[in-house]
>>> print(open('final23.cif').read())   # mmCIF, C-alpha atoms
data_work
loop_
_atom_site.group_PDB
_atom_site.id
_atom_site.type_symbol
_atom_site.label_atom_id
_atom_site.label_comp_id
_atom_site.auth_asym_id
_atom_site.auth_seq_id
_atom_site.Cartn_x
_atom_site.Cartn_y
_atom_site.Cartn_z
ATOM 1 C CA MET E 408 -12.390 -8.396 -1.589
ATOM 2 C CA GLU E 409 -9.875 -10.060 0.695
ATOM 3 C CA LEU E 410 -7.563 -7.041 1.052
ATOM 4 C CA LEU E 411 -10.376 -4.640 1.917
ATOM 5 C CA ASN E 412 -11.722 -7.088 4.513
ATOM 6 C CA ASN E 413 -8.313 -7.164 6.219
ATOM 7 C CA LEU E 414 -7.324 -3.480 6.231
ATOM 8 C CA ALA E 415 -6.925 -3.609 10.023
ATOM 9 C CA LYS E 416 -4.039 -6.075 9.554
ATOM 10 C CA LEU E 417 -1.993 -3.661 7.409
ATOM 11 C CA ARG E 418 1.438 -2.902 8.775
ATOM 12 C CA THR E 419 4.919 -1.980 7.628
ATOM 13 C CA THR E 420 8.458 -1.982 8.937
ATOM 14 C CA GLU E 421 10.275 1.149 10.069
ATOM 15 C CA LEU E 422 12.383 1.066 6.924
ATOM 16 C CA GLY E 423 9.266 0.482 4.839
ATOM 17 C CA ALA E 424 7.626 3.576 6.310
ATOM 18 C CA VAL E 425 10.728 5.648 5.557
ATOM 19 C CA ARG E 426 10.849 4.295 1.991
ATOM 20 C CA ILE E 427 7.159 5.047 1.387
ATOM 21 C CA ARG E 428 7.430 8.603 2.736
ATOM 22 C CA ARG E 429 10.554 9.240 0.645
ATOM 23 C CA ASN E 430 9.154 7.741 -2.577
ATOM 24 C CA LEU E 431 5.890 9.678 -2.346
ATOM 25 C CA ALA E 432 7.277 12.829 -0.671
ATOM 26 C CA LEU E 433 4.762 12.360 2.146
ATOM 27 C CA ASP E 434 4.733 14.499 5.253
ATOM 28 C CA CYS E 435 2.546 12.405 7.548
ATOM 29 C CA GLY E 436 3.053 10.825 10.932
ATOM 30 C CA ASP E 437 1.249 7.535 10.309
ATOM 31 C CA THR E 438 2.222 6.003 6.988
ATOM 32 C CA VAL E 439 0.071 2.895 7.509
ATOM 33 C CA ALA E 440 -3.038 4.996 8.190
ATOM 34 C CA TRP E 441 -2.325 7.034 5.048
ATOM 35 C CA CYS E 442 -1.986 3.849 2.961
ATOM 36 C CA ARG E 443 -5.128 2.351 4.525
ATOM 37 C CA GLU E 444 -7.056 5.485 3.558
ATOM 38 C CA GLN E 445 -5.770 5.320 -0.027
ATOM 39 C CA ILE E 446 -6.531 1.606 -0.385
ATOM 40 C CA SER E 447 -10.093 2.030 0.893
ATOM 41 C CA SER E 448 -10.762 4.877 -1.554
ATOM 42 C CA PRO E 449 -13.457 4.176 -4.159
ATOM 43 C CA LYS E 450 -10.908 5.288 -6.792
ATOM 44 C CA ALA E 451 -8.451 2.500 -5.851
ATOM 45 C CA VAL E 452 -7.813 -0.200 -8.429
ATOM 46 C CA ILE E 453 -6.737 -3.347 -6.598
ATOM 47 C CA GLU E 454 -5.052 -6.240 -8.387
ATOM 48 C CA ARG E 455 -3.437 -9.366 -7.006
ATOM 49 C CA ARG E 456 -0.439 -10.728 -8.870
ATOM 50 C CA GLY E 457 1.271 -13.706 -7.248
ATOM 51 C CA LYS E 458 2.125 -13.035 -3.625
ATOM 52 C CA ASN E 459 1.383 -9.295 -3.705
ATOM 53 C CA TRP E 460 -1.516 -6.898 -3.983
ATOM 54 C CA TYR E 461 -0.923 -3.839 -6.189
ATOM 55 C CA ILE E 462 -3.129 -0.856 -5.479
ATOM 56 C CA THR E 463 -3.160 1.999 -7.985
ATOM 57 C CA VAL E 464 -4.755 5.167 -6.632
ATOM 58 C CA ASN E 465 -4.239 8.933 -6.886
ATOM 59 C CA GLY E 466 -1.108 8.668 -9.016
ATOM 60 C CA CYS E 467 0.692 6.126 -6.857
ATOM 61 C CA ILE E 468 1.104 2.362 -6.620
ATOM 62 C CA ILE E 469 1.119 0.683 -3.206
ATOM 63 C CA THR E 470 2.503 -2.870 -2.924
ATOM 64 C CA VAL E 471 1.201 -5.098 -0.120
ATOM 65 C CA ASN E 472 2.233 -8.679 0.657
ATOM 66 C CA ALA E 473 -0.910 -10.820 0.288
ATOM 67 C CA TYR E 474 -0.073 -13.177 3.159
ATOM 68 C CA SER E 475 1.300 -10.901 5.892
ATOM 69 C CA TYR E 476 -0.505 -7.675 4.863
ATOM 70 C CA THR E 477 2.831 -5.859 5.103
ATOM 71 C CA ILE E 478 3.073 -2.734 2.980
ATOM 72 C CA ILE E 479 6.294 -3.361 1.094
ATOM 73 C CA THR E 480 6.621 -0.106 -0.800
ATOM 74 C CA ALA E 481 4.772 2.646 -2.581
ATOM 75 C CA HIS E 482 5.874 4.840 -5.443
ATOM 76 C CA LYS E 483 4.538 7.321 -7.924
ATOM 77 C CA ALA E 484 2.902 5.729 -10.940
ATOM 78 C CA VAL E 485 4.826 6.212 -14.176
ATOM 79 C CA ARG E 486 2.682 7.938 -16.767
#
>>> encode(input="final23.cif", output="C-alpha cells")
Amino acid sequence: MELLNNLAKLRTTELGAVRIRRNLALDCGDTVAWCREQISSPKAVIERRGKNWYITVNGCIITVNAYSYTIITAHKAVR
C-alpha cells in the first residue's frame, strides 16, 4: 500500500501536532512518531478518499494528505 511504503515521509506542522495532541489527549514528545506507529499497526484500517488517507486504529481516526504525506489531524472515533 502506498501510504505504508512512504511512512518515512510523514510529517506535520507545529499547529497540527498541537491539534493532534489536544484532540487525542496525548502526552508524547514526537507526535509524528506516534502516528507512524499507529498507522503501521496490523489493526489499522487504511482508506483513501479523494486527496486524503483516513486511518482508523485504536479508537482514533488519523487524516493524512495523500500527496504531501502531511498529517492533517487526528481525533477520537465516534462510536
>>> residues_near_point(input="final23.cif", point="(2.5, 2.2, 7.8)", cutoff="7 Å", atoms="all atoms listed in the file", output="PyMOL selection string")
chain E and resi 418-419+424+437-440+442+478
>>> resolve_selection(input="final23.cif", expression="the PyMOL selection byres ((chain E and resi 463) around 6)", output="ChimeraX atom specification")
/E:451-452,462,464,467-468
>>> residues_near_point(input="final23.cif", point="(4.2, -3.5, -1.9)", cutoff="10 Å", atoms="only C-alpha atoms", output="MDAnalysis selection string")
chainID E and resid 419 423 427 458:462 468:473 476:482
>>> closest_residue(input="final23.cif", among="E:Leu417, E:Ala432, E:Leu411, E:Leu422", to="Ile453 of chain E", atoms="only C-alpha atoms")
E:Leu411
>>> atom_distance(input="final23.cif", atom1="atom CA of Gly436 of chain E", atom2="atom CA of Asn413 of chain E")
21.8 Å
>>> atom_distance(input="final23.cif", atom1="atom CA of Glu409 of chain E", atom2="atom CA of Cys435 of chain E")
26.6 Å
>>> closest_residue(input="final23.cif", among="E:Gly466, E:Ser447, E:Met408, E:Ser475", to="Leu431 of chain E", atoms="all atoms listed in the file")
E:Gly466
>>> atom_distance(input="final23.cif", atom1="atom CA of Asn465 of chain E", atom2="atom CA of Leu414 of chain E")
18.3 Å
